[in-house]
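Note sheet for the following structure.
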Amino acid sequence: MYEIWSYVLAAAAVIAAAAAWWGWRIVWLKPKRMEKHLKCQGYVGNPYKVLFGDLKDFSALNKHARSTPISFSDDILPRAAPFLHKSINTFGKKSIMWFGHMPRVHLTDTELVKEVLSKNFKYVKTKINPLVKLLLTGLLRYDLDQWAKHRKIINPAFHMDKLKLMLPAFHVSCLEMINELQKATTNESTKEVDVWPYLQTLTADVISRTAFGSSYEEGRKIFQLLKIQAELVTKAVSTLYIPGWRFIPTKRNMRMKKIAKQIDNLLINLINKRVNALKAGESNNEDLLNILLESNFREDKCGKMMGMTIKEVVDECKVFYFAGQETTAALLVWTMVLLAHHQEWQHRAREEVFQVFGKDNKPNFDGLNRLKIVTMILNEVLRLYPPVVQFSRTINEDMKLGESLHLQAGTLIALPIILLHHDKEVWGDDAKEFKPERFAEGISKATKGQFSYLPFSWGPRVCIGQNFALLEAKMAVAMILQHFSFELSPLYTHAPWPTIILQPQFGAPLIMHQI
């Protein structure tokens with residue numbers, strides 16, 4: 001018996017030693033080797049710290065930035081991406097951040113960024129905190145064959161001929177928002193309105209009508225839950241991910257899982273209604289949900305299902321609900337804020353809208369495409385306030401990027417969109433100023449042919465809803481300008497903050513005047 005226990009203890013000691021060595025190799029030896037490798041190529045940052053890396057500093061800088069509003073004349077980078085700003089200022093454009101035990105390289109060379117985004121099967125989505133999946137997965141997070149399959153199925157919903165058919169829904173939703181704003185500003189003593197929730201309601205309504213054929217009232221609960229979930233996810237991904245931590249019944253983990261279940265149940269009920277309608281022959285091929293569901297009935301020659309599972313349909317619905325609503329709402333709120341601050345551009349845009357549509361005529365597709373000044377303004381807003389301030393990619397094997405940059409497997413790549421959009425070397429000394437005229441001759445001319453304007457990403461993974469968002473935004477801006485003039489309220493506080501999407505932390509109170 002003694003000998004048996006001796007063998008057991010010896011084996012346990014060997015296993016423990018192997019586990020300790022393996023852990024030490026992962027959390028210390030490998031990161032230090034990667035740190036040395038990157039330093040030899042000119043990429044430097046803070047010295048690696050076991051486990052946490054730069055995450056404590058990252059969280060502290062975010063907390064401080066969120067507590068400090070800025071003025072319009074201030075650079076938004078220190079507030080919207082404080083660690084990135086500090087890193088670039090300290091170490092230069094070739095800097096890194098330690099995301100736990102993994103180095104994240106900040107790529108600011110536009111040609112290298114272009115190469116990464118064009119080779120989406122080599123540079124894949126970064127797999128971060130699994131809790132993010134409680135908010136978003138689907139096309140937004142998929143890679144390789146799964147991404148290709150879903151993209152192919154969803155693409156037809158965003159063809160221009162389908163978008164034209166969505167204009168009446170855009171108009172009805174915009175008209176409802178205009179009516180609500182008019183009610184809110186009827187009393188002469190109360191012209192001040194926080195337009196941010198109105199714009200969120202507008203874009204939520206548009207998504208409901210065009211994707212699911214329902215009114216905003218039916219989808220309101222989903223949007224409310226997604227908004228809460230986004231705030232919880234943002235906090236979760238700002239801290240070090242510990243494997244298995246999501247299974248610990250902390251207050252935040254339990255709340256996130258409960259919300260995810262509620263969202264799934266609401267969407268499943270909505271989907272089941274549509275499935276029953278399809279089975280009854282009540283098909284409507286004009287919205288996204290029908291396209292996704294009908295894909296499930298396709299079979300190959302062997303009878304194998306070619307489409308998505310119901311779970312995958314639910315995931316794609318969540319992506320479209322959140323990304324489609326939040327991105328356009330953010331574009332619209334920053335457009336109104338900047339036009340309120342720059343009255344001359346508001347007047348020029350309104351004159352163009354009146355010239356094309358008059359004061360009361362309904363905006364149409366051809367007319368929206370002729371709004372040159374409005375388009376210039378939207379492009380400049382997206383440059384200064386991109387919806388997503390930074391993209392991230394991962395490489396799973398050693399790889400050469402560009403002519404000379406060698407990256408080791410496991411390296412994270414950060415594509416700092418906001419930094420590229422504000423780079424004085426590309427945009428000039430006035431890069432941080434609102435100057436829509438820079439887009440007067442198009443995006444290519446404005447960027448001087450450089451790869452430095454990426455509000456909707458680029459390449460094979462360019463945002464599938466880009467045209468949808470811009471068409472919706474043009475319709476909304478045109479109708480707002482037809483009915484209102486506006487200026488900043490004295491209560492407005494300039495505080496751009498990325499809660500997944502870059503948005504105003506304290507809302508957007510404006511003084512609205514009916515025309």
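For the structure tokens, the naming scheme is as follows: chains receive sequential letters (A, B, ...) according to their order of presentation, residues are indexed from 1 within each chain, and ligands are indexed from 1 in presentation order.
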Name all residues at most 7 Å from Ile413 in chain A (count only C-alpha atoms; drop same-chain ones fewer than 5 positions away) and give them as a PDB file with N, CA and C atoms, in the first residue's frame.
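Saved the output as selection-v1.pdb:
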```pdb
ATOM      1  N   ARG A 104      -0.445  43.268 -28.372  1.00  0.00           N
ATOM      2  CA  ARG A 104      -1.303  43.806 -29.430  1.00  0.00           C
ATOM      3  C   ARG A 104      -0.556  44.935 -30.125  1.00  0.00           C
ATOM      4  N   VAL A 105      -0.255  44.734 -31.389  1.00  0.00           N
ATOM      5  CA  VAL A 105       0.519  45.689 -32.177  1.00  0.00           C
ATOM      6  C   VAL A 105      -0.412  46.742 -32.765  1.00  0.00           C
ATOM      7  N   HIS A 106      -0.079  48.020 -32.558  1.00  0.00           N
ATOM      8  CA  HIS A 106      -0.857  49.100 -33.167  1.00  0.00           C
ATOM      9  C   HIS A 106      -0.324  49.370 -34.569  1.00  0.00           C
ATOM     10  N   LEU A 107      -1.127  49.065 -35.574  1.00  0.00           N
ATOM     11  CA  LEU A 107      -0.712  49.292 -36.956  1.00  0.00           C
ATOM     12  C   LEU A 107      -1.203  50.658 -37.423  1.00  0.00           C
ATOM     13  N   SER A 392      -9.792  44.896 -34.299  1.00  0.00           N
ATOM     14  CA  SER A 392      -8.737  44.011 -33.820  1.00  0.00           C
ATOM     15  C   SER A 392      -8.732  42.720 -34.623  1.00  0.00           C
ATOM     16  N   ARG A 393      -7.542  42.218 -34.923  1.00  0.00           N
ATOM     17  CA  ARG A 393      -7.387  40.954 -35.641  1.00  0.00           C
ATOM     18  C   ARG A 393      -6.329  40.099 -34.945  1.00  0.00           C
ATOM     19  N   THR A 394      -6.322  38.809 -35.254  1.00  0.00           N
ATOM     20  CA  THR A 394      -5.360  37.871 -34.674  1.00  0.00           C
ATOM     21  C   THR A 394      -4.747  37.027 -35.780  1.00  0.00           C
TER      22      THR A 394
END
```
Surrounding residues of range 260-271 of chain A excluding itself and chain neighbours under 3 positions, 6 Å, only C-alpha atoms, as a PyMOL selection string: chain A and resi 134+222+257+274
Serialized selection, C-alpha atoms, as a compact mmCIF listing (two decimals), in the first residue's frame:
```txt
# COMPACT_ATOMS: atom_id res chain seq x y z
CA LEU A 134 -23.96 37.09 -25.05
CA ILE A 222 -35.22 43.89 -27.35
CA LYS A 257 -26.90 35.58 -18.88
CA ARG A 274 -42.69 34.19 -39.21
```
Between CA of Ile377 in chain A and CA of Thr186 in chain A - distance in Å to one decimal: 28.6 Å
Sel. of strand (DSSP E) residues, range 285-490 of chain A, as a VMD selection string: chain A and resid 391 to 394 399 to 401 405 to 407 412 to 415 484 to 488
How would the residues just chosen look if you wrote them out with N, CA and C atoms as a compact mmCIF listing (two decimals), in the first residue's frame?
```
# COMPACT_ATOMS: atom_id res chain seq x y z
N PHE A 391 -10.45 48.41 -34.68
CA PHE A 391 -10.70 47.02 -34.99
C PHE A 391 -9.54 46.17 -34.48
N SER A 392 -9.79 44.90 -34.30
CA SER A 392 -8.74 44.01 -33.82
C SER A 392 -8.73 42.72 -34.62
N ARG A 393 -7.54 42.22 -34.92
CA ARG A 393 -7.39 40.95 -35.64
C ARG A 393 -6.33 40.10 -34.95
N THR A 394 -6.32 38.81 -35.25
CA THR A 394 -5.36 37.87 -34.67
C THR A 394 -4.75 37.03 -35.78
N MET A 399 3.76 34.91 -39.46
CA MET A 399 3.40 35.52 -40.72
C MET A 399 4.23 36.76 -40.99
N LYS A 400 4.47 37.04 -42.27
CA LYS A 400 5.15 38.25 -42.69
C LYS A 400 4.11 39.25 -43.17
N LEU A 401 4.18 40.45 -42.66
CA LEU A 401 3.25 41.51 -43.04
C LEU A 401 4.03 42.63 -43.70
N LEU A 405 7.87 43.23 -41.74
CA LEU A 405 7.35 42.97 -40.40
C LEU A 405 7.01 41.50 -40.23
N HIS A 406 7.68 40.84 -39.30
CA HIS A 406 7.43 39.43 -39.01
C HIS A 406 6.69 39.32 -37.68
N LEU A 407 5.53 38.69 -37.71
CA LEU A 407 4.70 38.53 -36.52
C LEU A 407 4.58 37.06 -36.16
N LEU A 412 -1.78 39.83 -31.49
CA LEU A 412 -2.98 40.59 -31.82
C LEU A 412 -2.59 41.82 -32.63
N ILE A 413 -3.46 42.21 -33.53
CA ILE A 413 -3.22 43.39 -34.37
C ILE A 413 -4.35 44.38 -34.15
N ALA A 414 -4.01 45.60 -33.75
CA ALA A 414 -5.00 46.65 -33.56
C ALA A 414 -4.95 47.59 -34.76
N LEU A 415 -6.11 47.85 -35.33
CA LEU A 415 -6.24 48.79 -36.44
C LEU A 415 -6.94 50.03 -35.89
N PHE A 484 -36.70 71.62 -38.94
CA PHE A 484 -36.10 72.26 -37.76
C PHE A 484 -34.79 72.98 -38.10
N SER A 485 -34.55 74.04 -37.35
CA SER A 485 -33.19 74.55 -37.19
C SER A 485 -32.82 74.27 -35.74
N PHE A 486 -31.54 74.19 -35.43
CA PHE A 486 -31.17 73.80 -34.07
C PHE A 486 -29.80 74.33 -33.71
N GLU A 487 -29.58 74.46 -32.42
CA GLU A 487 -28.29 74.93 -31.88
C GLU A 487 -28.01 74.18 -30.59
N LEU A 488 -26.76 74.23 -30.15
CA LEU A 488 -26.40 73.54 -28.92
C LEU A 488 -27.05 74.18 -27.71
```
Residue nearest Thr375 in chain A - candidates A:Tyr321, A:Trp345, A:Phe354, A:Phe83, atoms counted: only C-alpha atoms: A:Trp345
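Among the candidate residues A:Glu188, A:Glu326, A:Asp143, A:Asp57, the one lying nearest to Met512 in chain A is A:Glu188, with distances computed using only C-alpha atoms.
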Shell around Ile291 in chain A at 12 Å using only C-alpha atoms, local window under 6 positions removed, as number ranges by chain: A: 150, 152-158, 162, 211-212, 271, 274-275, 278, 283-285, 297-298, 307-308, 313, 316-317
Store the residues of this selection in a file with N, CA and C atoms, as an mmCIF file, in the first residue's frame.
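result.cif was written with the following content:
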```
data_model
loop_
_atom_site.group_PDB
_atom_site.id
_atom_site.type_symbol
_atom_site.label_atom_id
_atom_site.label_comp_id
_atom_site.auth_asym_id
_atom_site.auth_seq_id
_atom_site.Cartn_x
_atom_site.Cartn_y
_atom_site.Cartn_z
ATOM 1 N N HIS A 150 -22.484 32.597 -44.231
ATOM 2 C CA HIS A 150 -23.491 33.543 -43.747
ATOM 3 C C HIS A 150 -23.521 34.809 -44.602
ATOM 4 N N LYS A 152 -22.881 35.071 -47.739
ATOM 5 C CA LYS A 152 -23.551 34.749 -48.996
ATOM 6 C C LYS A 152 -25.064 34.735 -48.831
ATOM 7 N N ILE A 153 -25.532 34.205 -47.707
ATOM 8 C CA ILE A 153 -26.970 34.113 -47.460
ATOM 9 C C ILE A 153 -27.577 35.492 -47.226
ATOM 10 N N ILE A 154 -26.854 36.351 -46.486
ATOM 11 C CA ILE A 154 -27.400 37.644 -46.071
ATOM 12 C C ILE A 154 -27.258 38.722 -47.147
ATOM 13 N N ASN A 155 -26.245 38.617 -48.004
ATOM 14 C CA ASN A 155 -25.953 39.651 -49.000
ATOM 15 C C ASN A 155 -27.167 40.141 -49.799
ATOM 16 N N PRO A 156 -28.024 39.234 -50.293
ATOM 17 C CA PRO A 156 -29.140 39.701 -51.132
ATOM 18 C C PRO A 156 -30.046 40.732 -50.448
ATOM 19 N N ALA A 157 -30.115 40.702 -49.128
ATOM 20 C CA ALA A 157 -30.982 41.640 -48.418
ATOM 21 C C ALA A 157 -30.493 43.078 -48.510
ATOM 22 N N PHE A 158 -29.219 43.261 -48.894
ATOM 23 C CA PHE A 158 -28.642 44.599 -48.922
ATOM 24 C C PHE A 158 -28.305 45.083 -50.323
ATOM 25 N N LYS A 162 -33.129 46.234 -53.263
ATOM 26 C CA LYS A 162 -33.888 45.985 -52.036
ATOM 27 C C LYS A 162 -33.920 47.246 -51.160
ATOM 28 N N ALA A 211 -36.415 45.020 -41.301
ATOM 29 C CA ALA A 211 -35.884 43.673 -41.112
ATOM 30 C C ALA A 211 -36.945 42.680 -40.645
ATOM 31 N N PHE A 212 -37.893 43.173 -39.872
ATOM 32 C CA PHE A 212 -38.831 42.247 -39.244
ATOM 33 C C PHE A 212 -40.299 42.590 -39.464
ATOM 34 N N ILE A 271 -39.444 34.928 -34.491
ATOM 35 C CA ILE A 271 -39.082 34.024 -35.586
ATOM 36 C C ILE A 271 -40.146 32.946 -35.779
ATOM 37 N N ARG A 274 -42.989 34.115 -37.785
ATOM 38 C CA ARG A 274 -42.688 34.191 -39.213
ATOM 39 C C ARG A 274 -42.620 32.795 -39.837
ATOM 40 N N VAL A 275 -42.093 31.830 -39.104
ATOM 41 C CA VAL A 275 -42.034 30.452 -39.616
ATOM 42 C C VAL A 275 -43.441 29.939 -39.878
ATOM 43 N N LEU A 278 -44.736 31.505 -42.975
ATOM 44 C CA LEU A 278 -44.143 30.902 -44.169
ATOM 45 C C LEU A 278 -44.802 29.568 -44.492
ATOM 46 N N SER A 283 -45.605 34.357 -47.492
ATOM 47 C CA SER A 283 -44.189 34.711 -47.622
ATOM 48 C C SER A 283 -44.021 36.162 -48.037
ATOM 49 N N ASN A 284 -43.004 36.810 -47.467
ATOM 50 C CA ASN A 284 -42.653 38.181 -47.834
ATOM 51 C C ASN A 284 -41.134 38.230 -47.975
ATOM 52 N N ASN A 285 -40.667 38.263 -49.203
ATOM 53 C CA ASN A 285 -39.229 38.162 -49.448
ATOM 54 C C ASN A 285 -38.483 39.483 -49.333
ATOM 55 N N PHE A 297 -34.680 26.166 -45.606
ATOM 56 C CA PHE A 297 -35.422 25.146 -46.329
ATOM 57 C C PHE A 297 -34.684 24.670 -47.574
ATOM 58 N N ARG A 298 -33.495 25.264 -47.818
ATOM 59 C CA ARG A 298 -32.733 24.852 -48.984
ATOM 60 C C ARG A 298 -31.965 23.571 -48.681
ATOM 61 N N GLY A 307 -28.925 25.935 -45.240
ATOM 62 C CA GLY A 307 -29.041 27.231 -44.597
ATOM 63 C C GLY A 307 -28.576 27.244 -43.163
ATOM 64 N N MET A 308 -29.134 28.187 -42.390
ATOM 65 C CA MET A 308 -28.749 28.357 -40.997
ATOM 66 C C MET A 308 -29.707 27.608 -40.073
ATOM 67 N N VAL A 313 -29.950 31.975 -36.872
ATOM 68 C CA VAL A 313 -30.853 33.055 -37.275
ATOM 69 C C VAL A 313 -31.031 34.048 -36.124
ATOM 70 N N GLU A 316 -27.942 36.211 -35.892
ATOM 71 C CA GLU A 316 -27.881 37.233 -36.940
ATOM 72 C C GLU A 316 -28.884 38.350 -36.677
ATOM 73 N N CYS A 317 -30.022 38.001 -36.121
ATOM 74 C CA CYS A 317 -31.010 39.027 -35.759
ATOM 75 C C CYS A 317 -30.450 39.976 -34.704
#
```
Surrounding residues of Asp54 in chain A excluding itself and chain neighbours under 6 positions, 10 Å, only C-alpha atoms, as a PyMOL selection string: chain A and resi 45-48+83+96-101+103+240
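Proximity of A:Thr493, A:Gln200, A:Gln390, A:Gln146 to Gly507 in chain A, computed with only C-alpha atoms, is greatest for A:Thr493.
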Using only C-alpha atoms, which residues sit within 8 Å of Asn396 in chain A once same-chain residues fewer than 2 positions away are excluded, as a PDB file with C-alpha atoms, in the first residue's frame?
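Produced file result.pdb, reproduced below:
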```pdb
ATOM      1  CA  LYS A 122      -5.314  35.016 -42.588  1.00  0.00           C
ATOM      2  CA  THR A 394      -5.360  37.871 -34.674  1.00  0.00           C
ATOM      3  CA  ASP A 398       3.855  33.041 -37.910  1.00  0.00           C
ATOM      4  CA  ALA A 409       1.458  33.243 -33.955  1.00  0.00           C
ATOM      5  CA  GLY A 410      -0.863  34.578 -31.276  1.00  0.00           C
ATOM      6  CA  THR A 411      -0.011  38.243 -31.874  1.00  0.00           C
TER       7      THR A 411
END
```
